[in-house]
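Shown below: my_file.txt, with compact mmCIF, C-alpha atoms and all ligand atoms.
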# COMPACT_ATOMS: atom_id res chain seq x y z
CA MET H 1 93.34 102.99 92.94
CA ARG H 2 96.78 103.35 91.36
CA ARG H 3 99.14 104.88 93.85
CA LEU H 4 102.42 106.31 92.74
CA THR H 5 105.20 107.60 94.89
CA CYS H 6 105.24 110.87 92.98
CA PHE H 7 101.91 111.82 94.56
CA LEU H 8 103.44 111.61 97.99
CA PRO H 9 104.86 115.12 98.32
CA ALA H 10 101.39 116.64 97.87
CA LEU H 11 99.94 114.15 100.34
CA LEU H 12 102.68 114.86 102.84
CA LEU H 13 102.12 118.58 102.58
CA ALA H 14 98.43 118.03 103.26
CA LEU H 15 99.24 115.82 106.24
CA THR H 16 101.77 118.28 107.61
CA LEU H 17 99.21 121.04 107.41
CA ALA H 18 96.63 118.85 109.11
CA ALA H 19 99.15 117.93 111.80
CA CYS H 20 99.93 121.59 112.45
CA GLY H 21 96.26 122.23 113.00
CA VAL H 22 95.86 124.25 109.80
CA SER H 23 92.18 123.88 109.04
CA GLY H 24 90.50 126.27 106.67
CA GLY H 25 92.35 129.15 105.10
CA GLU H 26 95.05 128.80 102.49
CA PRO H 27 98.70 128.27 103.27
CA GLU H 28 100.41 131.68 103.06
CA ALA H 29 102.63 130.97 100.09
CA GLN H 30 102.47 128.31 97.42
CA THR H 31 106.22 127.90 97.31
CA PRO H 32 107.84 127.79 100.73
CA SER H 33 110.81 130.15 100.91
CA VAL H 34 114.04 128.20 101.38
CA PRO H 35 116.72 129.85 103.50
CA GLU H 36 119.90 130.65 101.55
CA GLU H 37 122.16 128.39 103.58
CA ALA H 38 119.89 125.37 103.02
CA SER H 39 121.09 124.96 99.45
CA GLN H 40 124.71 125.04 100.62
CA GLU H 41 124.18 122.41 103.32
CA PRO H 42 127.28 120.20 102.96
CA GLU H 43 125.87 116.99 104.44
CA ALA H 44 122.43 116.57 102.93
CA ALA H 45 120.81 113.19 103.68
CA PRO H 46 121.43 110.77 100.81
CA GLU H 47 118.69 110.63 98.23
CA PRO H 48 116.97 107.27 98.76
CA PRO H 49 116.49 105.05 95.70
CA PRO H 50 113.10 105.42 94.00
CA TYR H 51 110.45 102.99 95.19
CA ALA H 52 107.50 102.00 92.98
CA ILE H 53 104.11 101.12 94.43
CA LEU H 54 101.77 99.40 91.99
CA ASP H 55 98.12 98.45 92.09
CA PRO H 56 97.48 94.68 92.23
CA THR H 57 93.88 95.18 91.08
CA VAL H 58 94.99 96.22 87.60
CA MET H 59 96.21 93.63 85.09
CA PRO H 60 99.56 94.72 83.60
CA GLU H 61 99.28 95.64 79.93
CA GLY H 62 99.41 92.48 77.85
CA GLY H 63 99.32 90.39 81.06
CA VAL H 64 103.08 90.66 81.48
CA ARG H 65 105.32 92.94 83.54
CA ASP H 66 109.13 92.72 83.62
CA GLY H 67 108.91 89.42 81.74
CA VAL H 68 106.59 87.88 84.35
CA ALA H 69 103.11 86.64 83.33
CA TYR H 70 100.25 87.74 85.60
CA ALA H 71 96.98 85.91 86.29
CA ALA H 72 93.68 86.76 88.01
CA TYR H 73 93.34 85.56 91.60
CA ASP H 74 90.06 85.39 93.52
CA GLY H 75 90.96 82.87 96.21
CA ILE H 76 91.67 83.37 99.91
CA VAL H 77 94.05 86.15 100.83
CA GLU H 78 96.06 84.86 103.78
CA HIS H 79 96.79 87.32 106.57
CA LEU H 80 99.50 86.91 109.21
CA PHE H 81 100.16 89.36 112.01
CA PHE H 82 103.12 89.87 114.28
CA HIS H 83 103.84 91.84 117.40
CA PRO H 84 107.23 93.56 117.66
CA VAL H 85 109.95 90.92 117.39
CA ILE H 86 112.43 90.10 120.14
CA ALA H 87 115.91 91.39 119.32
CA TYR H 88 117.61 90.03 122.45
CA PRO H 89 116.03 86.78 123.72
CA GLU H 90 118.33 86.79 126.77
CA LEU H 91 116.56 89.96 127.97
CA ALA H 92 113.05 88.78 127.01
CA PHE H 93 113.36 85.30 128.51
CA ASP H 94 115.19 86.17 131.70
CA GLY H 95 112.61 84.60 133.99
CA ASP H 96 110.94 87.86 135.04
CA ASN H 97 107.16 88.16 135.20
CA GLN H 98 106.94 89.28 131.53
CA ALA H 99 108.81 86.27 130.14
CA ASN H 100 105.85 83.93 129.65
CA GLY H 101 103.72 86.64 128.04
CA LEU H 102 106.50 87.45 125.61
CA ASP H 103 106.89 83.73 124.91
CA ASP H 104 103.15 83.49 124.16
CA TYR H 105 102.76 86.52 121.90
CA MET H 106 106.10 87.19 120.23
CA VAL H 107 108.65 85.65 117.93
CA THR H 108 112.38 86.30 118.00
CA VAL H 109 114.31 88.00 115.22
CA GLY H 110 115.77 84.61 114.26
CA GLU H 111 112.31 83.01 114.05
CA TYR H 112 110.92 85.96 112.10
CA ASN H 113 113.74 85.73 109.54
CA LYS H 114 112.99 82.03 109.03
CA ILE H 115 109.24 82.68 108.70
CA LEU H 116 109.82 85.32 105.99
CA GLN H 117 112.12 82.96 104.10
CA SER H 118 109.58 80.13 104.37
CA VAL H 119 106.54 82.09 103.15
CA TYR H 120 108.68 83.42 100.31
CA ASP H 121 109.83 79.89 99.40
CA LYS H 122 106.20 78.69 99.47
CA GLY H 123 105.18 81.20 96.79
CA PHE H 124 103.49 83.93 98.80
CA VAL H 125 103.76 87.54 97.63
CA LEU H 126 102.88 90.60 99.68
CA VAL H 127 99.77 92.67 99.03
CA ASP H 128 98.53 95.63 101.01
CA ILE H 129 95.34 95.11 103.01
CA SER H 130 93.76 98.25 101.55
CA ASP H 131 94.04 96.82 98.02
CA VAL H 132 92.14 93.61 98.80
CA TRP H 133 88.68 95.15 99.36
CA SER H 134 87.18 98.38 98.00
CA GLU H 135 84.10 100.43 98.58
CA ALA H 136 81.59 100.26 95.70
CA THR H 137 77.95 101.10 95.12
CA GLY H 138 75.55 98.17 95.40
CA GLU H 139 72.51 97.54 93.18
CA ASP H 140 70.38 99.27 95.82
CA GLY H 141 72.48 102.41 95.47
CA GLN H 142 74.03 101.91 98.91
CA PRO H 143 77.78 101.75 99.49
CA LYS H 144 79.16 98.28 100.17
CA MET H 145 82.52 96.58 100.31
CA VAL H 146 83.60 94.32 97.46
CA ARG H 147 86.46 91.88 97.21
CA ASN H 148 88.82 92.91 94.41
CA THR H 149 90.24 90.49 91.88
CA LEU H 150 94.01 90.59 92.32
CA TYR H 151 96.37 90.17 89.40
CA LEU H 152 99.40 88.30 90.66
CA PRO H 153 102.49 86.79 89.09
CA GLU H 154 101.27 83.43 87.81
CA GLY H 155 101.29 80.70 90.47
CA LYS H 156 101.80 83.10 93.40
CA LYS H 157 99.53 83.43 96.45
CA PRO H 158 98.73 86.76 98.14
CA LEU H 159 99.72 87.45 101.72
CA ILE H 160 98.81 90.40 103.93
CA LEU H 161 101.13 91.20 106.82
CA SER H 162 100.15 93.37 109.75
CA PHE H 163 102.13 94.38 112.81
CA ASP H 164 100.30 95.18 116.03
CA ASP H 165 101.42 97.61 118.71
CA THR H 166 104.37 99.05 116.79
CA ASN H 167 104.51 101.77 119.42
CA TYR H 168 107.65 100.60 121.28
CA TYR H 169 105.96 100.56 124.66
CA GLN H 170 107.98 101.47 127.70
CA TYR H 171 107.63 97.99 129.22
CA MET H 172 109.22 96.37 126.18
CA LEU H 173 112.36 98.46 126.11
CA ALA H 174 114.21 96.66 128.87
CA ASN H 175 112.85 93.33 127.67
CA GLY H 176 114.89 92.87 124.54
CA PHE H 177 113.10 95.01 121.93
CA ALA H 178 114.19 97.93 119.77
CA TYR H 179 113.40 101.33 121.30
CA LYS H 180 112.32 103.25 118.21
CA LEU H 181 112.54 103.53 114.45
CA ILE H 182 114.98 106.04 113.00
CA ILE H 183 116.43 106.90 109.60
CA ASP H 184 120.03 105.70 109.40
CA ASP H 185 123.03 107.25 107.62
CA SER H 186 122.02 105.58 104.35
CA GLY H 187 118.58 107.25 104.51
CA LYS H 188 116.79 103.97 105.31
CA ILE H 189 114.53 102.94 108.17
CA ALA H 190 116.49 101.30 110.98
CA SER H 191 115.93 100.63 114.66
CA TRP H 192 117.69 102.30 117.55
CA GLY H 193 118.11 100.61 120.90
CA LEU H 194 120.43 99.35 123.59
CA ASN H 195 122.08 95.94 123.56
CA PRO H 196 122.30 93.82 126.75
CA GLN H 197 125.61 95.56 127.57
CA GLY H 198 123.83 98.92 127.45
CA ASN H 199 125.50 100.16 124.25
CA GLU H 200 123.60 102.04 121.57
CA VAL H 201 122.82 99.99 118.47
CA VAL H 202 121.50 101.25 115.14
CA SER H 203 120.58 98.29 112.97
CA ARG H 204 118.39 97.01 110.17
CA ASP H 205 118.55 93.45 111.55
CA LEU H 206 116.87 93.78 114.94
CA ASP H 207 113.31 94.91 114.23
CA ALA H 208 110.50 93.45 112.10
CA ILE H 209 110.10 96.56 109.94
CA PRO H 210 113.66 97.12 108.64
CA ILE H 211 114.14 93.33 108.45
CA LEU H 212 111.22 93.11 106.01
CA ASP H 213 112.54 96.15 104.10
CA LYS H 214 115.88 94.36 103.70
CA PHE H 215 114.24 91.07 102.77
CA VAL H 216 112.30 92.79 99.98
CA GLU H 217 115.48 94.55 98.77
CA GLU H 218 117.11 91.11 98.52
CA HIS H 219 113.99 89.37 97.13
CA PRO H 220 112.09 92.00 95.12
CA ASP H 221 109.76 89.32 93.72
CA PHE H 222 108.37 88.85 97.28
CA SER H 223 106.69 92.25 96.86
CA PRO H 224 105.75 92.69 93.18
CA PHE H 225 103.58 95.72 94.02
CA GLY H 226 105.88 97.29 96.61
CA ALA H 227 103.59 96.41 99.54
CA LYS H 228 105.14 95.73 102.96
CA GLY H 229 102.76 95.56 105.93
CA CYS H 230 100.11 97.52 107.77
CA LEU H 231 101.23 98.98 111.12
CA SER H 232 98.54 98.77 113.78
CA LEU H 233 99.04 101.68 116.15
CA THR H 234 97.66 102.61 119.53
CA GLY H 235 98.38 106.10 120.88
CA TYR H 236 98.73 105.97 124.66
CA GLU H 237 102.53 105.77 124.60
CA GLY H 238 103.00 107.56 121.30
CA ILE H 239 103.90 105.85 118.03
CA LEU H 240 106.97 104.17 116.52
CA GLY H 241 109.00 104.97 119.64
CA TYR H 242 108.15 108.69 119.72
CA ARG H 243 106.21 109.96 122.74
CA THR H 244 103.53 111.90 120.88
CA GLN H 245 100.72 111.26 123.37
CA THR H 246 98.97 113.61 125.76
CA ASP H 247 98.19 112.94 129.40
CA THR H 248 94.93 114.32 130.74
CA GLN H 249 95.96 113.96 134.40
CA ASN H 250 98.85 116.35 134.44
CA TRP H 251 100.11 118.44 131.55
CA THR H 252 102.77 121.12 131.67
CA GLU H 253 104.15 123.45 129.02
CA ALA H 254 107.42 121.52 129.09
CA GLN H 255 105.55 118.26 128.40
CA GLU H 256 103.70 119.86 125.51
CA ALA H 257 106.95 121.24 124.08
CA SER H 258 108.50 117.78 124.31
CA ARG H 259 105.45 116.23 122.66
CA GLN H 260 105.67 118.70 119.78
CA ARG H 261 109.36 117.86 119.29
CA GLU H 262 108.49 114.17 119.18
CA ARG H 263 105.74 114.85 116.65
CA GLU H 264 108.23 116.67 114.41
CA ALA H 265 110.80 113.91 114.84
CA VAL H 266 108.44 111.10 113.82
CA LYS H 267 107.16 112.81 110.65
CA PRO H 268 110.15 111.88 108.42
CA ILE H 269 109.92 108.28 109.69
CA ILE H 270 106.25 108.09 108.73
CA ALA H 271 106.99 109.66 105.34
CA GLU H 272 109.74 107.14 104.57
CA LEU H 273 107.60 104.20 105.73
CA LYS H 274 104.76 105.32 103.47
CA ARG H 275 107.10 105.90 100.56
CA THR H 276 108.41 102.34 100.88
CA GLY H 277 105.09 100.48 101.00
CA TRP H 278 104.03 100.57 104.66
CA THR H 279 100.50 101.57 105.59
CA PHE H 280 98.80 102.35 108.90
CA GLY H 281 95.73 101.22 110.79
CA SER H 282 94.14 101.98 114.14
CA HIS H 283 94.50 99.65 117.13
CA THR H 284 92.47 102.21 119.18
CA TRP H 285 94.24 104.88 121.26
CA GLY H 286 94.03 103.03 124.55
CA HIS H 287 94.13 99.37 123.38
CA LEU H 288 90.44 99.19 124.27
CA ARG H 289 88.39 96.04 124.59
CA LEU H 290 85.67 96.86 122.06
CA ASP H 291 83.44 94.04 123.33
CA SER H 292 82.93 95.54 126.76
CA LYS H 293 83.72 99.28 126.94
CA PRO H 294 80.77 101.71 126.95
CA LEU H 295 80.06 103.49 123.67
CA GLU H 296 80.94 106.96 125.10
CA HIS H 297 84.35 105.68 126.13
CA ILE H 298 84.94 104.24 122.64
CA GLN H 299 83.85 107.52 121.03
CA ALA H 300 86.28 109.57 123.14
CA ASP H 301 89.06 107.08 122.43
CA THR H 302 88.42 107.16 118.67
CA GLN H 303 88.57 110.96 118.68
CA ARG H 304 91.82 110.88 120.63
CA TRP H 305 93.37 108.42 118.15
CA ALA H 306 92.37 110.75 115.30
CA ASP H 307 93.84 113.79 117.11
CA GLU H 308 97.11 112.25 118.23
CA VAL H 309 97.82 109.45 115.72
CA GLY H 310 95.63 110.07 112.67
CA SER H 311 96.92 113.64 112.55
CA LEU H 312 100.39 112.17 111.95
CA VAL H 313 99.82 109.04 109.85
CA GLY H 314 96.74 110.23 107.97
CA PRO H 315 93.24 108.79 107.87
CA THR H 316 92.78 105.02 107.74
CA THR H 317 89.95 102.62 106.94
CA ILE H 318 91.58 99.73 108.83
CA LEU H 319 90.78 98.87 112.45
CA PHE H 320 92.59 96.09 114.31
CA TYR H 321 90.63 94.95 117.39
CA PRO H 322 92.75 95.02 120.55
CA HIS H 323 92.76 91.56 122.18
CA GLY H 324 90.88 90.46 119.04
CA SER H 325 87.69 91.35 120.91
CA ARG H 326 84.73 91.93 118.62
CA PRO H 327 82.36 94.90 119.10
CA ASP H 328 78.80 94.21 120.28
CA GLY H 329 79.61 90.59 121.07
CA ASN H 330 79.56 89.30 117.52
CA ASP H 331 80.50 91.65 114.75
CA TRP H 332 79.61 89.48 111.80
CA LYS H 333 76.17 88.38 112.98
CA ASN H 334 75.14 91.70 114.55
CA THR H 335 75.68 95.30 113.60
CA GLY H 336 75.37 96.93 116.99
CA PRO H 337 75.86 100.53 118.15
CA VAL H 338 79.63 100.24 118.61
CA PHE H 339 80.16 98.77 115.15
CA GLN H 340 77.89 101.39 113.60
CA TYR H 341 79.77 104.16 115.33
CA LEU H 342 83.20 102.86 114.27
CA GLN H 343 81.98 102.46 110.69
CA SER H 344 80.64 106.03 110.75
CA GLN H 345 84.17 107.17 111.64
CA GLY H 346 85.52 105.80 108.35
CA PHE H 347 86.56 102.27 109.26
CA ARG H 348 85.73 99.69 106.59
CA VAL H 349 88.04 96.74 107.28
CA PHE H 350 87.68 95.29 110.79
CA CYS H 351 90.39 92.80 111.72
CA SER H 352 90.24 90.28 114.52
CA VAL H 353 92.35 87.20 115.28
CA GLY H 354 91.36 83.63 114.49
CA ILE H 355 92.27 80.18 113.31
CA GLU H 356 92.06 80.95 109.60
CA SER H 357 92.17 83.97 107.27
CA PHE H 358 88.38 84.16 107.33
CA SER H 359 86.70 87.19 105.80
CA TYR H 360 83.09 88.24 105.55
CA ILE H 361 81.58 91.19 103.69
CA LYS H 362 78.71 92.53 105.74
CA LYS H 363 75.36 92.85 103.97
CA ASP H 364 73.70 95.55 106.08
CA ILE H 365 76.55 98.05 106.33
CA CYS H 366 79.58 98.95 104.23
CA ALA H 367 82.25 96.93 106.02
CA VAL H 368 84.29 93.75 105.88
CA ILE H 369 85.34 91.57 108.82
CA CYS H 370 88.55 89.58 108.55
CA ASP H 371 90.47 87.30 110.85
CA ARG H 372 94.22 87.01 110.97
CA LEU H 373 96.53 84.18 111.90
CA HIS H 374 99.17 84.83 114.53
CA PRO H 375 102.70 83.45 114.28
CA ASP H 376 103.88 83.57 117.90
CA GLY H 377 105.03 81.33 120.72
CA THR H 378 101.54 79.93 121.34
CA THR H 379 101.01 78.76 117.77
CA LEU H 380 104.64 77.67 117.32
CA ARG H 381 104.16 75.41 120.33
CA HIS H 382 100.60 74.23 119.77
CA SER H 383 99.36 74.84 116.19
CA ARG H 384 102.04 73.35 113.99
CA GLU H 385 99.57 71.67 111.58
CA ARG H 386 97.52 74.80 110.98
CA TYR H 387 100.57 76.82 110.00
CA LEU H 388 102.24 74.22 107.75
CA GLN H 389 101.07 76.07 104.64
CA PHE H 390 103.35 78.91 105.79
CA TYR H 391 106.15 77.15 107.68
CA ASP H 392 106.96 74.17 109.86
CA ALA H 393 107.21 75.21 113.53
CA LYS H 394 109.83 72.47 113.97
CA ASP H 395 112.14 74.38 111.65
CA ILE H 396 111.28 77.80 113.05
CA MET H 397 110.99 77.66 116.82
CA ASP H 398 114.16 78.50 118.71
CA THR H 399 113.74 76.11 121.62
CA ALA H 400 117.24 76.94 122.86
CA VAL H 401 116.31 80.53 123.83
CA ARG H 402 112.64 80.17 124.77
CA PRO H 403 111.41 79.15 128.23
CA GLN H 404 111.14 75.40 128.79
CA ARG H 405 107.36 75.10 128.39
CA GLU H 406 105.12 72.56 126.72
CA ILE H 407 105.43 71.94 122.97
CA SER H 408 102.64 69.86 121.44
CA TRP H 409 104.57 68.57 118.44
CA ALA H 410 107.60 67.57 120.51
CA ILE H 411 105.47 65.11 122.47
CA GLU H 412 103.30 63.93 119.57
ZN ZN J 501 97.53 94.82 120.65
Transcribe the structure of this file into structure tokens.
Amino acid sequence: MRRLTCFLPALLLALTLAACGVSGGEPEAQTPSVPEEASQEPEAAPEPPPYAILDPTVMPEGGVRDGVAYAAYDGIVEHLFFHPVIAYPELAFDGDNQANGLDDYMVTVGEYNKILQSVYDKGFVLVDISDVWSEATGEDGQPKMVRNTLYLPEGKKPLILSFDDTNYYQYMLANGFAYKLIIDDSGKIASWGLNPQGNEVVSRDLDAIPILDKFVEEHPDFSPFGAKGCLSLTGYEGILGYRTQTDTQNWTEAQEASRQREREAVKPIIAELKRTGWTFGSHTWGHLRLDSKPLEHIQADTQRWADEVGSLVGPTTILFYPHGSRPDGNDWKNTGPVFQYLQSQGFRVFCSVGIESFSYIKKDICAVICDRLHPDGTTLRHSRERYLQFYDAKDIMDTAVRPQREISWAIE
């Protein structure tokens, strides 16, 4: 279970080979030949500071690490998920036909900053979703999921973060969101985009991912194991702002060449995200409703996600249901054909959306179902009580920039 950053180069090489379609056969040379001029390159990218990723399922030796006492934790692991955050509310809430949807499902950068500060102040610490449950062998010899005991700094509570649709969809770009992730001059993940005046902006303050990176730099005790969040990716408009998708309707050589360039361009971003505690899950290629699509459609979609997204980010055991819609009608009472198929493709943790961080280990198949809470305009307006353990919507919601719509607590 212990993951160390020093294993990453080998992993990356394997992923790069997989991405290039190298299957079977050995790479030609064990040591890639480096062109002469490469070593004389005057402006090499700065070496980023080392980043340690630790395993929360292992008690530190003597129960203490860096002077902090650790204790076993078997309680609820809270799970919050966000969509991309709104960098420029004046573009998001400009009264066009997207404005109410963005108000329902998103938070602004200002609100997100306050939420991070609040969960930090309330004693939450970040854990990665893939460390919370593991696959084990049951008494009957069959594989099953088990909930791991976590060893946390004494008095702290674990929190999973996930981020849906971190694809930087075309429709969002003109609506006040960052356009893509890049690596900035300091070697760190930043966002690139256009401000309302149309000028290019590279920043670490305008997108949920670099904002969390910065928050952890400033508050390292918020992430004692180095975990950040799990990025839930579709594939139909590429990933992380790079147009790595295919189109089956019409495909030219020029489009394929462009797609390959985008694939190359996103690889260092993925590598740096992984190195600094981010992990990846599937949100299906086409943002499919898993409760109603035919099985054949879901099978083709799953294959396409593996080909176009999995080939870049690596395999994952985490599936985030689009629209929160559960396969086969009810995924924790039934284990229907869609669920069985998805499980056979390697998924073990199936995440929906709900009113609490509910989780349920299935008895008849090796899988766990978990619900996530959703900080967004809907819950800021109407679910203040339920979210008080994380933050008070009254302190968070930016009523000055959001549309003038109903707020339950304002009229209580
Ligand atoms: Zn989604």
Counting all atoms listed in the file, find the residues whose atoms lie at most 10 Å from (112.0, 91.1, 108.5) (file coordinates) and write them out as a PyMOL selection string. chain H and resi 85+109-117+204-216+228
CA of Ser311 in chain H to CA of Pro268 in chain H measures 14.0 Å
How would you write as number ranges by chain the residues that get within 12 Å of (108.1, 73.9, 98.2) in the file's frame, counting all atoms listed in the file?
H: 117-124, 388-392
Mind dumping the selected residues with C-alpha atoms as a PDB file, in the coordinates of the input?
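That gives us result-v1.pdb:
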ATOM      1  CA  GLN H 117     112.120  82.960 104.100  1.00  0.00           C
ATOM      2  CA  SER H 118     109.580  80.130 104.370  1.00  0.00           C
ATOM      3  CA  VAL H 119     106.540  82.090 103.150  1.00  0.00           C
ATOM      4  CA  TYR H 120     108.680  83.420 100.310  1.00  0.00           C
ATOM      5  CA  ASP H 121     109.830  79.890  99.400  1.00  0.00           C
ATOM      6  CA  LYS H 122     106.200  78.690  99.470  1.00  0.00           C
ATOM      7  CA  GLY H 123     105.180  81.200  96.790  1.00  0.00           C
ATOM      8  CA  PHE H 124     103.490  83.930  98.800  1.00  0.00           C
ATOM      9  CA  LEU H 388     102.240  74.220 107.750  1.00  0.00           C
ATOM     10  CA  GLN H 389     101.070  76.070 104.640  1.00  0.00           C
ATOM     11  CA  PHE H 390     103.350  78.910 105.790  1.00  0.00           C
ATOM     12  CA  TYR H 391     106.150  77.150 107.680  1.00  0.00           C
ATOM     13  CA  ASP H 392     106.960  74.170 109.860  1.00  0.00           C
TER      14      ASP H 392
END
The distance between CA of Lys267 in chain H and CA of Leu312 in chain H is 6.9 Å
List as a Markdown table every residue of chain H that is in contact with ligand ZN 501 (chain J), defined as an atom at most 9 Å from one of its atoms (using all atoms listed in the file), together with the nearest atom pair and the distance in Å rounded to one decimal, sorted by chain and then rising number.
| residue | atom | partner | partner_atom | distance |
| --- | --- | --- | --- | --- |
| H:His83 | CA | J:ZN501 | ZN | 7.7 |
| H:Asp164 | CA | J:ZN501 | ZN | 5.4 |
| H:Asp165 | CA | J:ZN501 | ZN | 5.2 |
| H:Thr166 | CA | J:ZN501 | ZN | 8.9 |
| H:Ser232 | CA | J:ZN501 | ZN | 8.0 |
| H:Leu233 | CA | J:ZN501 | ZN | 8.3 |
| H:Thr234 | CA | J:ZN501 | ZN | 7.9 |
| H:His283 | CA | J:ZN501 | ZN | 6.7 |
| H:His287 | CA | J:ZN501 | ZN | 6.3 |
| H:Phe320 | CA | J:ZN501 | ZN | 8.1 |
| H:Tyr321 | CA | J:ZN501 | ZN | 7.6 |
| H:Pro322 | CA | J:ZN501 | ZN | 4.8 |
| H:His323 | CA | J:ZN501 | ZN | 6.0 |
| H:Gly324 | CA | J:ZN501 | ZN | 8.1 |
For the residues in that selection, give me C-alpha atoms as a PDB file, keeping the file's coordinate frame.
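Saved result, part06.pdb, follows:
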ATOM      1  CA  HIS H  83     103.840  91.840 117.400  1.00  0.00           C
ATOM      2  CA  ASP H 164     100.300  95.180 116.030  1.00  0.00           C
ATOM      3  CA  ASP H 165     101.420  97.610 118.710  1.00  0.00           C
ATOM      4  CA  THR H 166     104.370  99.050 116.790  1.00  0.00           C
ATOM      5  CA  SER H 232      98.540  98.770 113.780  1.00  0.00           C
ATOM      6  CA  LEU H 233      99.040 101.680 116.150  1.00  0.00           C
ATOM      7  CA  THR H 234      97.660 102.610 119.530  1.00  0.00           C
ATOM      8  CA  HIS H 283      94.500  99.650 117.130  1.00  0.00           C
ATOM      9  CA  HIS H 287      94.130  99.370 123.380  1.00  0.00           C
ATOM     10  CA  PHE H 320      92.590  96.090 114.310  1.00  0.00           C
ATOM     11  CA  TYR H 321      90.630  94.950 117.390  1.00  0.00           C
ATOM     12  CA  PRO H 322      92.750  95.020 120.550  1.00  0.00           C
ATOM     13  CA  HIS H 323      92.760  91.560 122.180  1.00  0.00           C
ATOM     14  CA  GLY H 324      90.880  90.460 119.040  1.00  0.00           C
TER      15      GLY H 324
END
Name the closest residue to Pro196 in chain H among the candidates H:Gly286, H:Pro89, H:Gly281, H:Gly155; distances are taken between atoms, counting only C-alpha atoms.
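Looking only at the distances to Pro196 in chain H, the closest residue turns out to be H:Pro89.
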Original post:
How many Å separate CA of Val266 in chain H from CA of Ile239 in chain H?
Top reply: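 Between these atoms lies a distance of 8.1 Å.
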For range 130-164 of chain H versus range 219-225 of chain H, which residues have an atom no more than 10 Å away, and what is each residue's nearest atom pair and distance in Å rounded to one decimal, using all atoms listed in the file, chain-then-number order, as a Markdown table?
| residue | atom | partner | partner_atom | distance |
| --- | --- | --- | --- | --- |
| H:Leu152 | CA | H:Pro224 | CA | 8.1 |
| H:Pro153 | CA | H:Pro224 | CA | 7.9 |
| H:Lys156 | CA | H:Phe222 | CA | 9.6 |
| H:Pro158 | CA | H:Ser223 | CA | 9.8 |
| H:Leu159 | CA | H:Ser223 | CA | 9.8 |
Of H:Trp409, H:Phe358, H:Tyr242, H:Phe280, the one sitting nearest Ser383 in chain H when using only C-alpha atoms is H:Trp409
Close residues, Asp328 in chain H itself excluded, 10 Å, all atoms listed in the file, min 5 positions apart in chain, as a PyMOL selection string = chain H and resi 290-293+295+333-340
In terms of all atoms listed in the file, the residue from H:Ala178, H:Ala99, H:Met145, H:Ala71 at minimal distance from Ser191 in chain H is H:Ala178
From the options H:Gln343, H:Thr317, H:Gln245, H:Asn250, which residue's atoms come nearest to Cys230 in chain H, counting all atoms listed in the file?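 Smallest distance to Cys230 in chain H is found for H:Thr317.
Considering only C-alpha atoms, the residue among H:Trp278, H:Tyr341, H:Phe347, H:Tyr168 positioned nearest to His297 in chain H is H:Tyr341.
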May I ask which of the residues H:Glu78, H:Asp66, H:Asp94, H:Glu154 is the closest one to Gln404 in chain H, counting all atoms listed in the file?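 Nearest to Gln404 in chain H: H:Asp94.
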Could you put an axis-aligned box around every listed atom of range 369-384 of chain H, padded by 4 Å on each side, and send me its centre and edge lengths in Å to one decimal, as AutoDock Vina command-line options?
--center_x 95.2 --center_y 82.5 --center_z 114.9 --size_x 27.7 --size_y 26.2 --size_z 20.8
Wanna dump the range 285-359 of chain H-range 128-135 of chain H contacts at 12 Å for me, each residue with its shortest atom pair and the distance in Å to one decimal, counting only C-alpha atoms, ordered by chain and number, as CSV?
residue,atom,partner,partner_atom,distance
H:Thr316,CA,H:Ser130,CA,9.2
H:Thr317,CA,H:Ser130,CA,7.9
H:Ile318,CA,H:Ser130,CA,7.7
H:Leu319,CA,H:Ile129,CA,11.1
H:Phe320,CA,H:Ile129,CA,11.7
H:Gly346,CA,H:Glu135,CA,11.2
H:Phe347,CA,H:Glu135,CA,11.1
H:Arg348,CA,H:Glu135,CA,8.2
H:Val349,CA,H:Trp133,CA,8.1
H:Phe350,CA,H:Ile129,CA,10.9
H:Cys351,CA,H:Ile129,CA,10.3
H:Ser359,CA,H:Trp133,CA,10.4
Could you write range 157-164 of chain H of the block just shown to a file containing N, CA and C atoms, as a short mmCIF file (atom, residue, chain, number, x, y, z; two decimals), in the first residue's frame?
data_model
loop_
_atom_site.label_atom_id
_atom_site.label_comp_id
_atom_site.auth_asym_id
_atom_site.auth_seq_id
_atom_site.Cartn_x
_atom_site.Cartn_y
_atom_site.Cartn_z
N LYS H 157 -10.14 14.48 11.67
CA LYS H 157 -11.18 13.71 10.97
C LYS H 157 -10.81 13.62 9.48
N PRO H 158 -11.02 12.44 8.88
CA PRO H 158 -10.61 12.30 7.47
C PRO H 158 -11.63 12.88 6.50
N LEU H 159 -11.12 13.41 5.42
CA LEU H 159 -11.98 14.02 4.39
C LEU H 159 -11.43 13.64 3.02
N ILE H 160 -12.34 13.07 2.20
CA ILE H 160 -12.01 12.81 0.79
C ILE H 160 -12.54 14.00 -0.01
N LEU H 161 -11.75 14.47 -0.96
CA LEU H 161 -12.25 15.44 -1.92
C LEU H 161 -12.23 14.82 -3.31
N SER H 162 -13.29 15.06 -4.08
CA SER H 162 -13.24 14.68 -5.49
C SER H 162 -13.77 15.84 -6.32
N PHE H 163 -13.36 15.86 -7.58
CA PHE H 163 -13.63 17.00 -8.46
C PHE H 163 -14.14 16.45 -9.78
N ASP H 164 -15.42 16.67 -10.04
CA ASP H 164 -16.05 16.09 -11.23
C ASP H 164 -15.83 16.96 -12.47
#
